[in-house]
Amino acid sequence: MIRSASLRSRLAPLALIVAMALALVGCDSTGPSNTDSPPTSNSGEVQVGFSTSSSGTTQSASALAKAESDTLTLSGSNGTLEIHDLRLIVDKVKLEQDTESTGDDSTEVEIEREVEVERPSFLDLPLQSSEVLPVAAGDVPEGTYNEFEFEVDDLDDDEQNARALLSDIRSEEGFPNWPEDASMVVVGTFTPSDGTPTSFTTYFEAEIEVERTLSTPLEVTSDGFSRELVVRLDPARWFERDNGTVEALSQFDYGETGAVREFESEFEDGVSEIEFD
């Protein structure tokens, strides 16, 4: 369950955007179609959160989430990677509903309804798979939602929300050197097989949009029950290699290199599942 009882006031609110796309199948209609109808007033609460999951290989061998320290440990043939802190900027989350209806005039109307958050959120990803960190919550019009999308992006723009979040990250979150073109940071140590631990703070640039069709559509009703949608990420997939090694992130420490690593195609590989209760 999303641990959100005390955090809801800090969450980005879900906002409704209704887009009507007309697919005129029976074009013998003589009357106009109403595309400006307001959405139904019936709604239910939906909360969106992020958590960590482990793949089968990491559970059995190379990855261990330590509950007390919230550290993810990955072991490879070249050494051991310990991740103590992993944070990323979730720029947008969105639910989509596609429905079709046929009116009395035999005109088929396709309605696309989107419920989204456009305000960036700084996500401190729990490294324990039992924890879920909420990023958005709010009332959503009842209906069946069959697609979910989220975006990870940097703060390199002039929008007020982005500038405010960047200022907070640098002044309050402990990352005074956060680059504007970074969207993720990993803090930890790497210990070579024949060496000593080296600390690192590595920034990544991952401007990516992840969209998934929900295998089981999310049903939102006005019966008073809250729905919880959880995006599970598997960081082990980002830093383990097929040859049995792990990423030596100490080589990309920002304090030593001043560089931000590109990280786009790899990011989507770490989205293990999207589920809801």
# chains A, B, ... in the order shown; residues from 1 in each chain; ligands from 1
call {"tool": "residues_around", "arguments": {"residues": "stretch 229-234 of chain A", "least_positions_apart": "5", "cutoff": "7 Å", "atoms": "only C-alpha atoms", "output": "PyMOL selection string"}}
result
chain A and resi 47-55+270-277
call {"tool": "write_last_selection", "arguments": {"atoms": "all heavy atoms", "output": "CSV table (one decimal), in the first residue's frame"}}
result
chain,number,residue,atom,x,y,z
A,47,GLN,N,-4.2,7.2,-6.6
A,47,GLN,CA,-2.9,7.6,-6.2
A,47,GLN,C,-1.8,6.8,-7.0
A,47,GLN,O,-2.0,5.7,-7.4
A,47,GLN,CB,-2.6,7.2,-4.7
A,47,GLN,CG,-3.6,7.8,-3.7
A,47,GLN,CD,-3.4,7.4,-2.3
A,47,GLN,OE1,-2.3,7.3,-1.8
A,47,GLN,NE2,-4.5,7.0,-1.6
A,48,VAL,N,-0.8,7.6,-7.4
A,48,VAL,CA,0.3,7.0,-8.2
A,48,VAL,C,1.6,7.1,-7.4
A,48,VAL,O,1.9,8.1,-6.9
A,48,VAL,CB,0.5,7.8,-9.5
A,48,VAL,CG1,1.6,7.2,-10.4
A,48,VAL,CG2,-0.9,7.8,-10.3
A,49,GLY,N,2.3,5.9,-7.4
A,49,GLY,CA,3.5,5.9,-6.6
A,49,GLY,C,4.5,5.0,-7.3
A,49,GLY,O,4.2,4.3,-8.3
A,50,PHE,N,5.8,5.1,-6.9
A,50,PHE,CA,6.9,4.4,-7.4
A,50,PHE,C,7.5,3.5,-6.3
A,50,PHE,O,7.6,3.9,-5.2
A,50,PHE,CB,8.0,5.3,-8.0
A,50,PHE,CG,7.6,5.9,-9.3
A,50,PHE,CD1,6.6,6.9,-9.4
A,50,PHE,CD2,8.2,5.5,-10.5
A,50,PHE,CE1,6.2,7.4,-10.6
A,50,PHE,CE2,7.9,6.1,-11.7
A,50,PHE,CZ,6.9,7.0,-11.8
A,51,SER,N,8.0,2.3,-6.8
A,51,SER,CA,8.7,1.4,-5.9
A,51,SER,C,9.7,0.7,-6.6
A,51,SER,O,10.0,0.9,-7.8
A,51,SER,CB,7.6,0.4,-5.3
A,51,SER,OG,8.2,-0.4,-4.3
A,52,THR,N,10.4,-0.2,-5.9
A,52,THR,CA,11.5,-1.0,-6.4
A,52,THR,C,11.1,-2.5,-6.4
A,52,THR,O,10.5,-3.0,-5.5
A,52,THR,CB,12.8,-0.8,-5.6
A,52,THR,OG1,13.1,0.6,-5.5
A,52,THR,CG2,14.0,-1.6,-6.2
A,53,SER,N,11.4,-3.1,-7.5
A,53,SER,CA,11.3,-4.6,-7.6
A,53,SER,C,12.6,-5.2,-8.0
A,53,SER,O,13.4,-4.5,-8.6
A,53,SER,CB,10.2,-5.0,-8.6
A,53,SER,OG,10.5,-4.6,-9.9
A,54,SER,N,12.8,-6.5,-7.7
A,54,SER,CA,14.0,-7.1,-8.1
A,54,SER,C,13.7,-8.2,-9.1
A,54,SER,O,12.8,-9.0,-8.9
A,54,SER,CB,14.7,-7.7,-6.9
A,54,SER,OG,15.1,-6.7,-6.0
A,55,SER,N,14.6,-8.4,-10.1
A,55,SER,CA,14.4,-9.4,-11.1
A,55,SER,C,14.8,-10.8,-10.4
A,55,SER,O,15.4,-10.8,-9.4
A,55,SER,CB,15.3,-9.2,-12.3
A,55,SER,OG,16.6,-9.1,-11.9
A,270,GLY,N,14.6,-0.8,-17.2
A,270,GLY,CA,14.4,-1.0,-15.7
A,270,GLY,C,13.0,-0.8,-15.2
A,270,GLY,O,12.8,-0.9,-14.0
A,271,VAL,N,12.1,-0.6,-16.1
A,271,VAL,CA,10.6,-0.5,-15.8
A,271,VAL,C,10.1,-1.9,-15.8
A,271,VAL,O,9.8,-2.4,-16.8
A,271,VAL,CB,9.9,0.5,-16.7
A,271,VAL,CG1,8.4,0.6,-16.2
A,271,VAL,CG2,10.5,1.8,-16.8
A,272,SER,N,10.0,-2.5,-14.6
A,272,SER,CA,9.6,-3.9,-14.6
A,272,SER,C,8.2,-4.2,-14.7
A,272,SER,O,7.7,-5.1,-15.4
A,272,SER,CB,10.2,-4.6,-13.3
A,272,SER,OG,9.6,-3.9,-12.2
A,273,GLU,N,7.3,-3.4,-14.1
A,273,GLU,CA,5.9,-3.6,-14.1
A,273,GLU,C,5.1,-2.4,-13.6
A,273,GLU,O,5.7,-1.5,-12.9
A,273,GLU,CB,5.5,-4.8,-13.4
A,273,GLU,CG,5.8,-4.7,-11.9
A,273,GLU,CD,5.4,-6.0,-11.1
A,273,GLU,OE1,4.4,-6.7,-11.5
A,273,GLU,OE2,6.0,-6.3,-10.1
A,274,ILE,N,3.9,-2.3,-14.0
A,274,ILE,CA,2.9,-1.3,-13.5
A,274,ILE,C,1.7,-2.0,-13.1
A,274,ILE,O,1.1,-2.8,-13.8
A,274,ILE,CB,2.6,-0.3,-14.6
A,274,ILE,CG1,3.8,0.5,-15.1
A,274,ILE,CG2,1.5,0.7,-14.1
A,274,ILE,CD1,3.6,1.4,-16.3
A,275,GLU,N,1.4,-1.9,-11.8
A,275,GLU,CA,0.3,-2.6,-11.2
A,275,GLU,C,-0.6,-1.7,-10.4
A,275,GLU,O,-0.2,-0.5,-10.1
A,275,GLU,CB,0.8,-3.7,-10.3
A,275,GLU,CG,1.7,-3.2,-9.2
A,275,GLU,CD,2.3,-4.3,-8.3
A,275,GLU,OE1,2.5,-5.4,-8.9
A,275,GLU,OE2,2.6,-4.1,-7.2
A,276,PHE,N,-1.8,-2.2,-10.0
A,276,PHE,CA,-2.7,-1.4,-9.2
A,276,PHE,C,-3.5,-2.3,-8.3
A,276,PHE,O,-3.6,-3.5,-8.6
A,276,PHE,CB,-3.6,-0.5,-10.0
A,276,PHE,CG,-4.4,-1.3,-11.1
A,276,PHE,CD1,-5.6,-1.9,-10.7
A,276,PHE,CD2,-4.0,-1.3,-12.4
A,276,PHE,CE1,-6.3,-2.5,-11.7
A,276,PHE,CE2,-4.7,-2.0,-13.3
A,276,PHE,CZ,-5.9,-2.6,-13.0
A,277,ASP,N,-3.9,-1.7,-7.2
A,277,ASP,CA,-4.8,-2.4,-6.2
A,277,ASP,C,-6.2,-1.9,-6.3
A,277,ASP,O,-6.4,-0.7,-6.5
A,277,ASP,CB,-4.3,-2.2,-4.8
A,277,ASP,CG,-2.9,-2.8,-4.6
A,277,ASP,OD1,-2.6,-3.9,-5.3
A,277,ASP,OD2,-2.1,-2.3,-3.9
call {"tool": "closest_atom_pairs", "arguments": {"of": "stretch 158-205 of chain A", "to": "stretch 258-261 of chain A", "cutoff": "8 Å", "atoms": "only C-alpha atoms", "output": "Markdown table"}}
result
| residue | atom | partner | partner_atom | distance |
| --- | --- | --- | --- | --- |
| A:Pro179 | CA | A:Val260 | CA | 7.9 |
| A:Asp181 | CA | A:Val260 | CA | 7.7 |
| A:Ala182 | CA | A:Val260 | CA | 6.6 |
| A:Thr202 | CA | A:Val260 | CA | 7.4 |
| A:Tyr203 | CA | A:Val260 | CA | 5.2 |
| A:Phe204 | CA | A:Arg261 | CA | 4.6 |
| A:Glu205 | CA | A:Arg261 | CA | 5.9 |
call {"tool": "residues_around", "arguments": {"residues": "A:Ala206", "least_positions_apart": "2", "cutoff": "8 Å", "atoms": "only C-alpha atoms", "output": "VMD selection string"}}
result
chain A and resid 152 to 154 182 to 184 204 208 262 to 264 267
call {"tool": "atom_distance", "arguments": {"atom1": "atom CA of A:Thr257", "atom2": "atom CA of A:Thr196"}}
result
19.9 Å
call {"tool": "atom_distance", "arguments": {"atom1": "atom CA of A:Val90", "atom2": "atom CA of A:Glu149"}}
result
10.9 Å
call {"tool": "select_by_dssp", "arguments": {"residues": "stretch 76-231 of chain A", "states": "strand (DSSP E or B)", "output": "number ranges by chain"}}
result
A: 76, 79-102, 108-117, 121-124, 132-141, 143-152, 184-192, 198-205, 208-220, 227-231
